Amino acid sequence: MGAFTDAIPDRFIKWIQKQEMFFVATAPLSGNGHVNISPKGLRGTFHVVSNTRVWYQDLSGSGVETISHIRENGRITIMFCAFEGAANILRLFGTGTVHEFGTPEYFELIPPEQRLTGSRAAIVIDVHKVGSSCGFAVPLYTFKSHRTALTNFSLKFEKRDEEYAADETSVPSEEVALEGHGVRQYAQSGLRLYWAQHNVRSLDGLPALSHAHVMDMIPKHGSLAELPGQEKVAVAEKDTDASGFMQFARLSLEPASKEEVVRLAVVFALGITAAAFYVRVIGQL
């Protein structure tokens, strides 16, 4: 049976903080608009302020639906699922507020030394209803690690912005005509250019980022220390699509498990036995 409360029960707060991923759902007011569901990861990006307020650090991506929908109507639902241990689903229904990179509200939540590379906004949710349910149909998964592709991608783009800010002749630049802000010059393959070209409108044309890409402040990340949960993962660049977003091939450095070794040994032995039997039969013909 599902249960509903007006705030996050205390017993769920530590459970929320242990989860390695969550899902964000938003939608425009238009009946013809695109409903959006986004999976979010990277340990340490989600924060519980109180039983009725949470927030997360929003990292740059090819889409900007959540920000645009919140700007239009504020509606947002966060969902957590238990992939390990006892089954459980928790939904946080609330009203969202967007604080873009470069604003005072953003830096109150995310000081420069704590900013993750690629961070473009802080999404604050005032929770007005919480729903918990069994989650018996959610499969069991074992967490392996967080991917490093997104942070590696963003790091390269932010370095281009830093190089351009230090010496505008050292990096090729590109002009972009911005609605309400005239024409601005950006470093090619820089994060601010990416924001200006791909993060200012939603799929339905709703306004999204309005400040981050026009601020004179250059995006800089905090510590370069390895993010929690990203150990034993190597990432290699594969190719670049038309929008400039990097595609990555993920290579695991973890050795095969004992079960995998045993399974391979059994298959190999069966193959040798079958081959020997086949040769013996052929030889008797």
# chains A, B, ... in the order shown; residues from 1 in each chain; ligands from 1
>>> select_by_dssp(residues="segment 26-260 of chain A", states="strand (DSSP E or B)", output="MDAnalysis selection string")
chainID A and resid 26 36:40 46:50 53:59 75:81 89:100 119:133 173:178 182:187 201 207 233:240 246:252
>>> write_last_selection(atoms="C-alpha atoms", output="PDB file, in the first residue's frame")
ATOM      1  CA  THR A  26       8.597  17.899 -15.236  1.00  0.00           C
ATOM      2  CA  ASN A  36      10.375  15.096 -19.513  1.00  0.00           C
ATOM      3  CA  ILE A  37      12.013  12.503 -17.245  1.00  0.00           C
ATOM      4  CA  SER A  38      15.736  12.824 -16.531  1.00  0.00           C
ATOM      5  CA  PRO A  39      17.963  10.355 -14.665  1.00  0.00           C
ATOM      6  CA  LYS A  40      20.531  12.062 -12.427  1.00  0.00           C
ATOM      7  CA  PHE A  46      21.595  15.906  -4.141  1.00  0.00           C
ATOM      8  CA  HIS A  47      21.072  17.632  -0.798  1.00  0.00           C
ATOM      9  CA  VAL A  48      18.365  17.479   1.867  1.00  0.00           C
ATOM     10  CA  VAL A  49      17.977  20.846   3.619  1.00  0.00           C
ATOM     11  CA  SER A  50      14.939  19.911   5.711  1.00  0.00           C
ATOM     12  CA  ARG A  53      13.206  21.379   1.117  1.00  0.00           C
ATOM     13  CA  VAL A  54      15.819  19.679  -1.079  1.00  0.00           C
ATOM     14  CA  TRP A  55      18.081  20.812  -3.888  1.00  0.00           C
ATOM     15  CA  TYR A  56      20.500  19.375  -6.423  1.00  0.00           C
ATOM     16  CA  GLN A  57      23.384  20.638  -8.518  1.00  0.00           C
ATOM     17  CA  ASP A  58      22.273  20.590 -12.166  1.00  0.00           C
ATOM     18  CA  LEU A  59      25.063  19.667 -14.589  1.00  0.00           C
ATOM     19  CA  ARG A  75       5.957  21.739 -11.036  1.00  0.00           C
ATOM     20  CA  ILE A  76       8.497  19.009 -10.378  1.00  0.00           C
ATOM     21  CA  THR A  77       8.641  15.472  -8.988  1.00  0.00           C
ATOM     22  CA  ILE A  78      11.782  13.711  -7.754  1.00  0.00           C
ATOM     23  CA  MET A  79      11.758   9.898  -7.606  1.00  0.00           C
ATOM     24  CA  PHE A  80      14.149   7.550  -5.814  1.00  0.00           C
ATOM     25  CA  CYS A  81      14.126   3.757  -6.275  1.00  0.00           C
ATOM     26  CA  ILE A  89      10.022   3.918  -4.146  1.00  0.00           C
ATOM     27  CA  LEU A  90       9.909   7.479  -2.855  1.00  0.00           C
ATOM     28  CA  ARG A  91       8.432  10.434  -4.745  1.00  0.00           C
ATOM     29  CA  LEU A  92       8.904  14.047  -3.714  1.00  0.00           C
ATOM     30  CA  PHE A  93       6.218  16.312  -5.190  1.00  0.00           C
ATOM     31  CA  GLY A  94       7.091  19.979  -5.066  1.00  0.00           C
ATOM     32  CA  THR A  95       7.617  23.402  -6.543  1.00  0.00           C
ATOM     33  CA  GLY A  96      10.995  24.118  -8.076  1.00  0.00           C
ATOM     34  CA  THR A  97      13.140  27.231  -8.304  1.00  0.00           C
ATOM     35  CA  VAL A  98      16.113  27.663 -10.644  1.00  0.00           C
ATOM     36  CA  HIS A  99      19.250  29.493  -9.532  1.00  0.00           C
ATOM     37  CA  GLU A 100      21.619  29.789 -12.479  1.00  0.00           C
ATOM     38  CA  SER A 119      27.438  22.855 -13.150  1.00  0.00           C
ATOM     39  CA  ARG A 120      24.947  25.296 -14.667  1.00  0.00           C
ATOM     40  CA  ALA A 121      22.288  25.711 -11.964  1.00  0.00           C
ATOM     41  CA  ALA A 122      21.049  24.796  -8.510  1.00  0.00           C
ATOM     42  CA  ILE A 123      17.521  23.389  -8.552  1.00  0.00           C
ATOM     43  CA  VAL A 124      15.695  23.968  -5.259  1.00  0.00           C
ATOM     44  CA  ILE A 125      12.487  22.031  -4.535  1.00  0.00           C
ATOM     45  CA  ASP A 126       9.974  22.990  -1.848  1.00  0.00           C
ATOM     46  CA  VAL A 127       8.261  19.677  -1.111  1.00  0.00           C
ATOM     47  CA  HIS A 128       4.511  19.713  -0.410  1.00  0.00           C
ATOM     48  CA  LYS A 129       3.752  15.978  -0.694  1.00  0.00           C
ATOM     49  CA  VAL A 130       5.752  12.767  -0.337  1.00  0.00           C
ATOM     50  CA  GLY A 131       4.626   9.382  -1.621  1.00  0.00           C
ATOM     51  CA  SER A 132       6.188   6.034  -0.708  1.00  0.00           C
ATOM     52  CA  SER A 133       5.292   2.689  -2.254  1.00  0.00           C
ATOM     53  CA  SER A 173      35.996  32.376 -31.221  1.00  0.00           C
ATOM     54  CA  GLU A 174      32.455  32.467 -32.524  1.00  0.00           C
ATOM     55  CA  GLU A 175      29.774  35.153 -32.574  1.00  0.00           C
ATOM     56  CA  VAL A 176      26.282  34.319 -31.358  1.00  0.00           C
ATOM     57  CA  ALA A 177      23.221  36.566 -31.674  1.00  0.00           C
ATOM     58  CA  LEU A 178      21.340  36.325 -28.382  1.00  0.00           C
ATOM     59  CA  GLY A 182      22.781  41.419 -28.796  1.00  0.00           C
ATOM     60  CA  VAL A 183      25.797  39.696 -30.311  1.00  0.00           C
ATOM     61  CA  ARG A 184      28.377  38.123 -28.015  1.00  0.00           C
ATOM     62  CA  GLN A 185      31.720  36.496 -28.656  1.00  0.00           C
ATOM     63  CA  TYR A 186      32.507  33.064 -27.212  1.00  0.00           C
ATOM     64  CA  ALA A 187      35.400  30.639 -27.306  1.00  0.00           C
ATOM     65  CA  ARG A 201      15.255  27.030 -25.173  1.00  0.00           C
ATOM     66  CA  PRO A 207      12.887  29.934 -22.168  1.00  0.00           C
ATOM     67  CA  VAL A 233      36.612   3.677 -14.450  1.00  0.00           C
ATOM     68  CA  ALA A 234      38.434   4.868 -17.558  1.00  0.00           C
ATOM     69  CA  VAL A 235      36.783   6.926 -20.282  1.00  0.00           C
ATOM     70  CA  ALA A 236      37.948   7.240 -23.879  1.00  0.00           C
ATOM     71  CA  GLU A 237      36.637   9.728 -26.433  1.00  0.00           C
ATOM     72  CA  LYS A 238      34.842   8.057 -29.310  1.00  0.00           C
ATOM     73  CA  ASP A 239      33.520  10.770 -31.614  1.00  0.00           C
ATOM     74  CA  THR A 240      31.739  14.120 -31.753  1.00  0.00           C
ATOM     75  CA  MET A 246      31.151  14.253 -26.986  1.00  0.00           C
ATOM     76  CA  GLN A 247      30.230  10.588 -27.246  1.00  0.00           C
ATOM     77  CA  PHE A 248      32.230   8.279 -25.060  1.00  0.00           C
ATOM     78  CA  ALA A 249      33.179   4.616 -24.892  1.00  0.00           C
ATOM     79  CA  ARG A 250      33.314   3.391 -21.310  1.00  0.00           C
ATOM     80  CA  LEU A 251      36.047   0.909 -20.403  1.00  0.00           C
ATOM     81  CA  SER A 252      35.936  -0.972 -17.130  1.00  0.00           C
TER      82      SER A 252
END
>>> residues_around(residues="Thr151 of chain A", least_positions_apart="2", cutoff="10 Å", atoms="only C-alpha atoms", output="ChimeraX atom specification")
/A:42,59-60,116-119,147-149,153-157,227
>>> atom_distance(atom1="atom CA of Glu20 of chain A", atom2="atom CA of Ala87 of chain A")
15.2 Å
>>> select_by_dssp(residues="segment 31-265 of chain A", states="alpha helix (DSSP H)", output="PyMOL selection string")
chain A and resi 65-73+104-109+149-166+191-198+258-265
>>> atom_distance(atom1="atom CA of Ala27 of chain A", atom2="atom CA of Ser62 of chain A")
17.3 Å
>>> residues_around(residues="segment 215-220 of chain A", least_positions_apart="6", cutoff="7 Å", atoms="only C-alpha atoms", output="PyMOL selection string")
chain A and resi 102+117+158+161-162
>>> closest_residue(among="A:Glu84, A:Ile67, A:Gln188, A:Phe107", to="Thr169 of chain A", atoms="only C-alpha atoms")
A:Gln188
>>> atom_distance(atom1="atom CA of Val138 of chain A", atom2="atom CA of Gln19 of chain A")
14.4 Å
